[in-house]
Structures are given as C-alpha cells and as structure tokens.
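Structure first, then comments.
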Amino acid sequence: MAEMARKITEALDVAQATAGQDRPELQKVIQEMADSGFTGVSLRVHDERGEWTGSAGVAELGGIEAPPVDGHVRIGSNTKTFTATVVLQLVAEGRIGLDTAVDDYLPEFGLDRRITVRMLLQHTSGVFNFTGEYFEDGTFVPGIPATMAGKQWVDNRFHTYQPEELVRLALSKPARFEPGTDWSYANTNYVLARLLIEKVTGRSVAEEMHRLILGPLGLTGTIQPTSETDVPAPHARAYYRYEEGGQTRTVDVTSQNPSWISSGGDMISTTRDLHTFISALVGGKLLPAELLAEMCTPESKAGYGLGVFVQETPGGGTVITHNGGMAGDAALMYSTPDGSRTLTAALNYADDAALSMGAAFQEATQRLVAEVFGSAQA
C-alpha cells in the first residue's frame, strides 16, 4: 500500500508539473537558479491560480534526471519554525511560560536569569552560537567543526553530538550581549528550546513534534531526526567542496549525522509538507490567535518574530517566512499572513566553507519572492 501511495503521489506531481507549464515565468526563474550554480531546484507555489510545481537542474552531479518535484530535503533552519511552534503550543497548554526564565526549567546550565523563553525563540538572549559567531568587524569565532570548517567538518560529519554538549560549549564562550538588548541569530537558542520541550514533557522532541504538528497535519514526508544519517527517497543529492593539498575536492554529503546542528536545523521535509505546515500555521490551525499574533510580531533589528521572519514584499505586502541551508541542501518557505499564497522550494548545491553560493541564494530568493508575492496585498 505504501508503494502504491508513493506511485500515485509521484504521478500527481508529474501531472501538476505538466499542467503548470502555463507559468513560464516561474520555470524561467528556477532554470536561472540552476544556471547560476545550484545543482537542482524544485518549486511549489499555491496562489489564486491554483498549485504549480516545477523543477530545474539535475538530481545529482553528472546526472541527467531532474530533481523530484516533491523529494525529501534537509530543511535547515526551517526547523526553527517547527520547534518554535511546538514551544508555543506548550505555552497554550499552560506548561511553559513565554516570559519565564529559562533557568527555571533548565537549572543545570546556570543560564543568566534574565534570559526568557521568548528570548530564545526571538534570538535576543545573547548566547554564543555554537556553530561559530561572525562579528561586525569581520572576525569569526569558531565553535564546533561546522560547515565553515572545510575538511574538518567533512571528516567529522558522522560524529554524534549531544544537545547538552552543544549548549555547554556555547555557554563556555562570552555572551554576545546582555539578554534582551540586541538581536543575533544563534542556533544555541533552539537547542535550548529542544531541551526545554523535552524537560517539561518528559518526551523526546520527535515525539512532541509528531503529537502536536506532524500527526495532526498528516505530514508523512517530514522527519525530526536525532542522529539518523539518511534522507528518505526520493531526493536530490547534496555536496560539499573543500581544499586539500592545493586541490578542490567535492564530496557527496547527502548522508550525514545531523546532531551537529540539532534543533538549529536538523529536520527533513518536502515542499508539499512545508506548504501544508506554513499555511496551517498562519491560518490559525496550530496556535491560538493571541500566540500566533505574538509569533508574527517582529523585533525591530532583523524583523524576526518567534521562529519566523516577517518581511515586506516588493508590492507592499507582507510575508511570513523562514529559509534554511544544511550543507548542500536548502529549503524556502514563504506565506502571506492569511495562508492564501505560499512558496516552498528545495535546493541542492555544493556547499563550502566560504559560503560561495550565498550571493546566488539571496538573489534567487529575492527574485522568486518578487515573482510570486510582488502583487500581494498588505
């Protein structure tokens, strides 16, 4: 039955992709993304014209097959939106206080008593980012061997880290600023959020994710891993480039142990599931109205709410969004505030320590947003 369901889903995806060829402007953008250096791109758009899916590029280097239009992908920091939603659902259940000191729940870390749950979700706690910190003067302070570490990350990519280990490393470094006085993106905040979920429920974050989000929404293509290394089929492949002995080497890193990023970005999903999730979230199916309003209220520096960015579109509208990259995989997730128009995408590429695809990534996402949401009303 599972195999039959998979074949039916693939057939529907092919039919949708074929039917959607009346959106040449979308196909053009993703083809240009592939031409700019991405191995493969898969895009899903829901709007007043219905659903459109398409792909460009290839599923693997040297191959000829296009990426699957609903393949699995490591979604990187889109994980943060899922994790924040679980925390807020536990707030709604009365098990967590949004403005309570995190130290009340996790006293074993000796956290600054001024750090609240809200600050974790909004990246205003000031804690050091365990994957490394970039400072305004251009300096970089490393943490664990993350993807900025080149060959060291490649050699270390199957190592298992415990979430507590990542937090303790971060807390061994000076805080970036006083709690609540500034904003700085730190994966540590969301590993603490994971531990908070597990402490107050007595269950794993994967169990709570399934109870509160994946099960109710039927997100069968979405996985909250711990140290599992594989990505379910179908999927495009992810790559990483590094220098060794004066030569550039490119390795397939589709399989890796995601515990190095933990709830900062470890989840796997599909463009279909990301659409279902973000439209349900902003549509009020997962959170009470007052907590959804809190989630979508941005701080002033970066426009970050509680696990989502709130951004203006070229047409004067607003999108609720989070994107994420994860060592050769990336995912995009955008929605209008009412969920009536969404854009979700999966990208595959060759990552490297210099983040050389960063500029192409930013330019491509801006073009997609302008194309899909440019005429959206505020």
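Chains: A, B, ... in order of the structure tokens. Residues: from 1 per chain. Ligands: from 1, in order shown.
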Report task. Looking only at strand (DSSP E or B) from DSSP on the backbone, list the matching residues of stretch 126-356 of chain A as a PyMOL selection string. Result -> chain A and resi 133-134+140-141+223+235+239-244+247-252+268-269+304+309-312+318-321+324-325+329-335+342-348+350-352
Query raised in the report: Hey, what's within 7 Å of A:Gly150 if we count only C-alpha atoms and toss same-chain stuff fewer than 4 positions away? As a ChimeraX atom specification, please?
Result: /A:154,242,352-353
Query raised in the report: Do you know which residues are at most 12 Å from A:Ala280 counting only C-alpha atoms, after dropping those on the same chain fewer than 2 positions away, and could you put them as a ChimeraX atom specification?
Result: /A:82,85,213-214,216-219,273-278,282-287,292,335-342
**Report entry** Secondary structure check, alpha helix (DSSP H) residues of stretch 106-265 of chain A, as JSON, numbers by chain
**Finding:** {"A": [117, 118, 119, 120, 121, 122, 151, 152, 153, 154, 155, 156, 163, 164, 165, 166, 167, 168, 169, 170, 171, 187, 188, 189, 190, 191, 192, 193, 194, 195, 196, 197, 198, 199, 200, 201, 205, 206, 207, 208, 209, 215, 216, 217]}
Could those residues be written to a file, using N, CA and C atoms, as a CSV table (one decimal), in the first residue's frame?
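Produced file result.csv, reproduced below:
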chain,number,residue,atom,x,y,z
A,117,VAL,N,12.1,32.5,27.8
A,117,VAL,CA,11.7,31.6,26.7
A,117,VAL,C,11.5,32.4,25.5
A,118,ARG,N,10.9,33.5,25.6
A,118,ARG,CA,10.6,34.4,24.4
A,118,ARG,C,12.0,34.8,23.8
A,119,MET,N,13.0,35.1,24.6
A,119,MET,CA,14.3,35.5,24.0
A,119,MET,C,14.9,34.4,23.2
A,120,LEU,N,14.7,33.1,23.7
A,120,LEU,CA,15.3,32.0,22.9
A,120,LEU,C,14.6,32.0,21.5
A,121,LEU,N,13.3,32.1,21.5
A,121,LEU,CA,12.6,32.0,20.2
A,121,LEU,C,12.9,33.2,19.3
A,122,GLN,N,13.2,34.3,19.9
A,122,GLN,CA,13.4,35.5,19.1
A,122,GLN,C,14.9,35.9,18.8
A,151,LYS,N,37.5,20.7,5.4
A,151,LYS,CA,37.8,19.3,5.6
A,151,LYS,C,37.5,18.8,7.0
A,152,GLN,N,37.7,19.6,8.0
A,152,GLN,CA,37.4,19.2,9.3
A,152,GLN,C,36.0,18.8,9.5
A,153,TRP,N,35.1,19.6,8.9
A,153,TRP,CA,33.6,19.2,9.0
A,153,TRP,C,33.4,17.9,8.3
A,154,VAL,N,33.9,17.8,7.1
A,154,VAL,CA,33.7,16.6,6.2
A,154,VAL,C,34.2,15.3,7.0
A,155,ASP,N,35.3,15.4,7.6
A,155,ASP,CA,35.9,14.3,8.4
A,155,ASP,C,35.0,13.9,9.6
A,156,ASN,N,34.4,15.0,10.1
A,156,ASN,CA,33.6,14.9,11.4
A,156,ASN,C,32.1,14.6,11.2
A,163,PRO,N,22.8,17.3,22.5
A,163,PRO,CA,22.3,18.7,22.6
A,163,PRO,C,23.0,19.4,23.8
A,164,GLU,N,23.1,18.7,25.0
A,164,GLU,CA,23.7,19.3,26.1
A,164,GLU,C,25.1,19.8,25.9
A,165,GLU,N,25.8,19.0,25.1
A,165,GLU,CA,27.2,19.2,24.8
A,165,GLU,C,27.3,20.5,24.0
A,166,LEU,N,26.4,20.7,23.0
A,166,LEU,CA,26.4,21.9,22.2
A,166,LEU,C,26.1,23.2,23.1
A,167,VAL,N,25.2,23.0,24.0
A,167,VAL,CA,24.8,24.2,24.8
A,167,VAL,C,26.0,24.5,25.7
A,168,ARG,N,26.6,23.5,26.3
A,168,ARG,CA,27.7,23.8,27.3
A,168,ARG,C,28.9,24.4,26.5
A,169,LEU,N,29.2,24.0,25.3
A,169,LEU,CA,30.2,24.7,24.6
A,169,LEU,C,29.9,26.2,24.3
A,170,ALA,N,28.6,26.4,24.0
A,170,ALA,CA,28.2,27.8,23.7
A,170,ALA,C,28.3,28.7,25.0
A,171,LEU,N,27.9,28.1,26.1
A,171,LEU,CA,28.0,28.8,27.4
A,171,LEU,C,29.4,29.0,27.9
A,187,ASN,N,22.1,29.4,16.8
A,187,ASN,CA,21.5,28.0,16.8
A,187,ASN,C,21.3,27.5,18.2
A,188,THR,N,22.1,28.0,19.1
A,188,THR,CA,22.1,27.6,20.5
A,188,THR,C,20.7,27.9,21.1
A,189,ASN,N,20.1,29.0,20.8
A,189,ASN,CA,18.7,29.3,21.3
A,189,ASN,C,17.8,28.1,21.0
A,190,TYR,N,17.9,27.5,19.9
A,190,TYR,CA,16.9,26.5,19.5
A,190,TYR,C,17.3,25.1,20.0
A,191,VAL,N,18.5,24.9,20.3
A,191,VAL,CA,18.9,23.6,21.0
A,191,VAL,C,18.4,23.7,22.5
A,192,LEU,N,18.5,24.9,23.1
A,192,LEU,CA,17.9,25.1,24.4
A,192,LEU,C,16.4,24.9,24.3
A,193,ALA,N,15.7,25.4,23.3
A,193,ALA,CA,14.3,25.2,23.1
A,193,ALA,C,14.0,23.7,23.0
A,194,ARG,N,14.8,23.0,22.3
A,194,ARG,CA,14.6,21.5,22.3
A,194,ARG,C,14.6,20.9,23.6
A,195,LEU,N,15.7,21.2,24.4
A,195,LEU,CA,15.8,20.7,25.8
A,195,LEU,C,14.7,21.1,26.7
A,196,LEU,N,14.2,22.3,26.5
A,196,LEU,CA,13.0,22.8,27.2
A,196,LEU,C,11.8,22.0,26.9
A,197,ILE,N,11.6,21.7,25.7
A,197,ILE,CA,10.4,20.8,25.3
A,197,ILE,C,10.5,19.5,26.0
A,198,GLU,N,11.7,18.9,25.9
A,198,GLU,CA,11.9,17.6,26.5
A,198,GLU,C,11.8,17.5,28.0
A,199,LYS,N,12.3,18.6,28.6
A,199,LYS,CA,12.2,18.7,30.1
A,199,LYS,C,10.8,18.8,30.6
A,200,VAL,N,10.0,19.7,30.0
A,200,VAL,CA,8.6,19.9,30.5
A,200,VAL,C,7.7,18.8,30.1
A,201,THR,N,7.9,18.0,29.1
A,201,THR,CA,7.0,17.0,28.6
A,201,THR,C,7.5,15.6,29.1
A,205,VAL,N,11.8,15.4,21.6
A,205,VAL,CA,11.2,16.5,20.7
A,205,VAL,C,10.6,15.8,19.5
A,206,ALA,N,11.1,14.7,19.0
A,206,ALA,CA,10.4,14.0,17.9
A,206,ALA,C,9.0,13.5,18.3
A,207,GLU,N,8.8,13.0,19.5
A,207,GLU,CA,7.5,12.6,19.9
A,207,GLU,C,6.5,13.8,20.0
A,208,GLU,N,7.0,14.9,20.6
A,208,GLU,CA,6.2,16.0,20.7
A,208,GLU,C,5.9,16.7,19.4
A,209,MET,N,6.9,16.7,18.5
A,209,MET,CA,6.7,17.2,17.1
A,209,MET,C,5.6,16.4,16.4
A,215,GLY,N,1.5,14.7,13.2
A,215,GLY,CA,0.4,13.8,13.2
A,215,GLY,C,-0.9,14.5,12.8
A,216,PRO,N,-1.2,15.6,13.5
A,216,PRO,CA,-2.5,16.3,13.2
A,216,PRO,C,-2.6,16.8,11.7
A,217,LEU,N,-1.4,17.2,11.1
A,217,LEU,CA,-1.4,17.8,9.8
A,217,LEU,C,-1.2,16.7,8.7
Query raised in the report: Using only C-alpha atoms, which residue out of A:Val29, A:Ala236, A:Leu88, A:Val73 lies closest to A:Glu290?
Result: A:Leu88
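Proximity ranking of A:Ala345, A:Val369, A:Ala186, A:Ala354 relative to A:Lys80 places A:Ala186 first, based on only C-alpha atoms.
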Query raised in the report: So which one's closest to A:Glu32, A:Tyr161, A:Tyr334, A:Phe361, A:Phe135? Using only C-alpha atoms, please.
Result: A:Phe361
Query raised in the report: Of the residues A:Gly202, A:Val87, A:Arg114, A:Gly265, which is the one nearest to A:Met295, using only C-alpha atoms?
Result: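 Under the stated criterion, the closest residue is A:Val87.
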Requested in this report: Tell me, as a ChimeraX atom specification, which residues lie within 12 Å of A:Glu133, counting only C-alpha atoms; anything in the same chain fewer than 4 positions away does not count.
Outcome: /A:126-129,137-144,146,148,170,173-176,184-188
Please produce a file of those selected residues containing N, CA and C atoms, as a PDB file, in the first residue's frame.
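That gives us selection00.pdb:
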ATOM      1  N   GLY A 126      21.316  36.592  23.549  1.00  0.00           N
ATOM      2  CA  GLY A 126      22.732  36.954  23.591  1.00  0.00           C
ATOM      3  C   GLY A 126      23.688  35.783  23.722  1.00  0.00           C
ATOM      4  N   VAL A 127      23.179  34.544  23.800  1.00  0.00           N
ATOM      5  CA  VAL A 127      24.080  33.403  23.971  1.00  0.00           C
ATOM      6  C   VAL A 127      24.906  33.190  22.705  1.00  0.00           C
ATOM      7  N   PHE A 128      26.111  32.681  22.885  1.00  0.00           N
ATOM      8  CA  PHE A 128      27.035  32.408  21.786  1.00  0.00           C
ATOM      9  C   PHE A 128      26.452  31.325  20.874  1.00  0.00           C
ATOM     10  N   ASN A 129      26.678  31.470  19.575  1.00  0.00           N
ATOM     11  CA  ASN A 129      26.219  30.498  18.586  1.00  0.00           C
ATOM     12  C   ASN A 129      27.234  29.361  18.489  1.00  0.00           C
ATOM     13  N   ASP A 137      33.049  43.399  12.823  1.00  0.00           N
ATOM     14  CA  ASP A 137      34.354  43.795  12.292  1.00  0.00           C
ATOM     15  C   ASP A 137      34.943  42.755  11.340  1.00  0.00           C
ATOM     16  N   GLY A 138      34.145  41.708  11.028  1.00  0.00           N
ATOM     17  CA  GLY A 138      34.602  40.695  10.086  1.00  0.00           C
ATOM     18  C   GLY A 138      35.283  39.499  10.711  1.00  0.00           C
ATOM     19  N   THR A 139      35.519  39.538  12.005  1.00  0.00           N
ATOM     20  CA  THR A 139      36.164  38.403  12.666  1.00  0.00           C
ATOM     21  C   THR A 139      35.162  37.260  12.849  1.00  0.00           C
ATOM     22  N   PHE A 140      35.696  36.043  12.927  1.00  0.00           N
ATOM     23  CA  PHE A 140      34.890  34.856  13.123  1.00  0.00           C
ATOM     24  C   PHE A 140      35.447  34.066  14.294  1.00  0.00           C
ATOM     25  N   VAL A 141      34.600  33.757  15.253  1.00  0.00           N
ATOM     26  CA  VAL A 141      34.995  32.942  16.399  1.00  0.00           C
ATOM     27  C   VAL A 141      34.374  31.565  16.217  1.00  0.00           C
ATOM     28  N   PRO A 142      35.179  30.524  15.993  1.00  0.00           N
ATOM     29  CA  PRO A 142      34.600  29.202  15.711  1.00  0.00           C
ATOM     30  C   PRO A 142      33.986  28.556  16.939  1.00  0.00           C
ATOM     31  N   GLY A 143      33.066  27.641  16.672  1.00  0.00           N
ATOM     32  CA  GLY A 143      32.501  26.793  17.707  1.00  0.00           C
ATOM     33  C   GLY A 143      32.887  25.356  17.412  1.00  0.00           C
ATOM     34  N   ILE A 144      31.901  24.485  17.231  1.00  0.00           N
ATOM     35  CA  ILE A 144      32.198  23.110  16.812  1.00  0.00           C
ATOM     36  C   ILE A 144      32.659  23.139  15.350  1.00  0.00           C
ATOM     37  N   ALA A 146      31.788  23.076  12.236  1.00  0.00           N
ATOM     38  CA  ALA A 146      30.587  23.148  11.403  1.00  0.00           C
ATOM     39  C   ALA A 146      31.006  23.340   9.952  1.00  0.00           C
ATOM     40  N   MET A 148      31.662  25.738   8.175  1.00  0.00           N
ATOM     41  CA  MET A 148      32.691  26.736   7.892  1.00  0.00           C
ATOM     42  C   MET A 148      34.093  26.159   8.088  1.00  0.00           C
ATOM     43  N   ALA A 170      28.630  26.434  23.960  1.00  0.00           N
ATOM     44  CA  ALA A 170      28.224  27.821  23.736  1.00  0.00           C
ATOM     45  C   ALA A 170      28.341  28.655  25.004  1.00  0.00           C
ATOM     46  N   LYS A 173      31.631  30.262  26.178  1.00  0.00           N
ATOM     47  CA  LYS A 173      32.089  31.466  25.474  1.00  0.00           C
ATOM     48  C   LYS A 173      31.367  32.686  26.038  1.00  0.00           C
ATOM     49  N   PRO A 174      31.991  33.866  25.930  1.00  0.00           N
ATOM     50  CA  PRO A 174      31.317  35.081  26.410  1.00  0.00           C
ATOM     51  C   PRO A 174      30.014  35.332  25.662  1.00  0.00           C
ATOM     52  N   ALA A 175      29.019  35.824  26.380  1.00  0.00           N
ATOM     53  CA  ALA A 175      27.758  36.194  25.743  1.00  0.00           C
ATOM     54  C   ALA A 175      28.003  37.312  24.744  1.00  0.00           C
ATOM     55  N   ARG A 176      27.196  37.339  23.698  1.00  0.00           N
ATOM     56  CA  ARG A 176      27.385  38.361  22.671  1.00  0.00           C
ATOM     57  C   ARG A 176      26.884  39.727  23.150  1.00  0.00           C
ATOM     58  N   SER A 184      20.721  38.630  17.670  1.00  0.00           N
ATOM     59  CA  SER A 184      21.769  37.915  16.942  1.00  0.00           C
ATOM     60  C   SER A 184      21.340  36.464  16.786  1.00  0.00           C
ATOM     61  N   TYR A 185      21.395  35.987  15.559  1.00  0.00           N
ATOM     62  CA  TYR A 185      20.928  34.643  15.208  1.00  0.00           C
ATOM     63  C   TYR A 185      21.868  33.599  15.803  1.00  0.00           C
ATOM     64  N   ALA A 186      21.348  32.721  16.644  1.00  0.00           N
ATOM     65  CA  ALA A 186      22.187  31.717  17.303  1.00  0.00           C
ATOM     66  C   ALA A 186      21.455  30.383  17.377  1.00  0.00           C
ATOM     67  N   ASN A 187      22.057  29.365  16.761  1.00  0.00           N
ATOM     68  CA  ASN A 187      21.462  28.019  16.814  1.00  0.00           C
ATOM     69  C   ASN A 187      21.305  27.518  18.243  1.00  0.00           C
ATOM     70  N   THR A 188      22.140  28.023  19.143  1.00  0.00           N
ATOM     71  CA  THR A 188      22.085  27.610  20.549  1.00  0.00           C
ATOM     72  C   THR A 188      20.698  27.850  21.149  1.00  0.00           C
TER      73      THR A 188
END
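Using only C-alpha atoms, the contacts of stretch 314-330 of chain A at a cut-off of 7 Å, with sequence neighbours closer than 6 positions omitted, comprise Val73, Arg74, Ile75, Gly76, Ser77, Asn78, Thr147, Ala238, Tyr239, Tyr240, Val308, Thr336, Pro337, Ala346, Leu347, Asn348, Tyr349, Ala350, Asp351, Ala370, Gly374, Ser375, Ala376, Gln377 and Ala378 of chain A.
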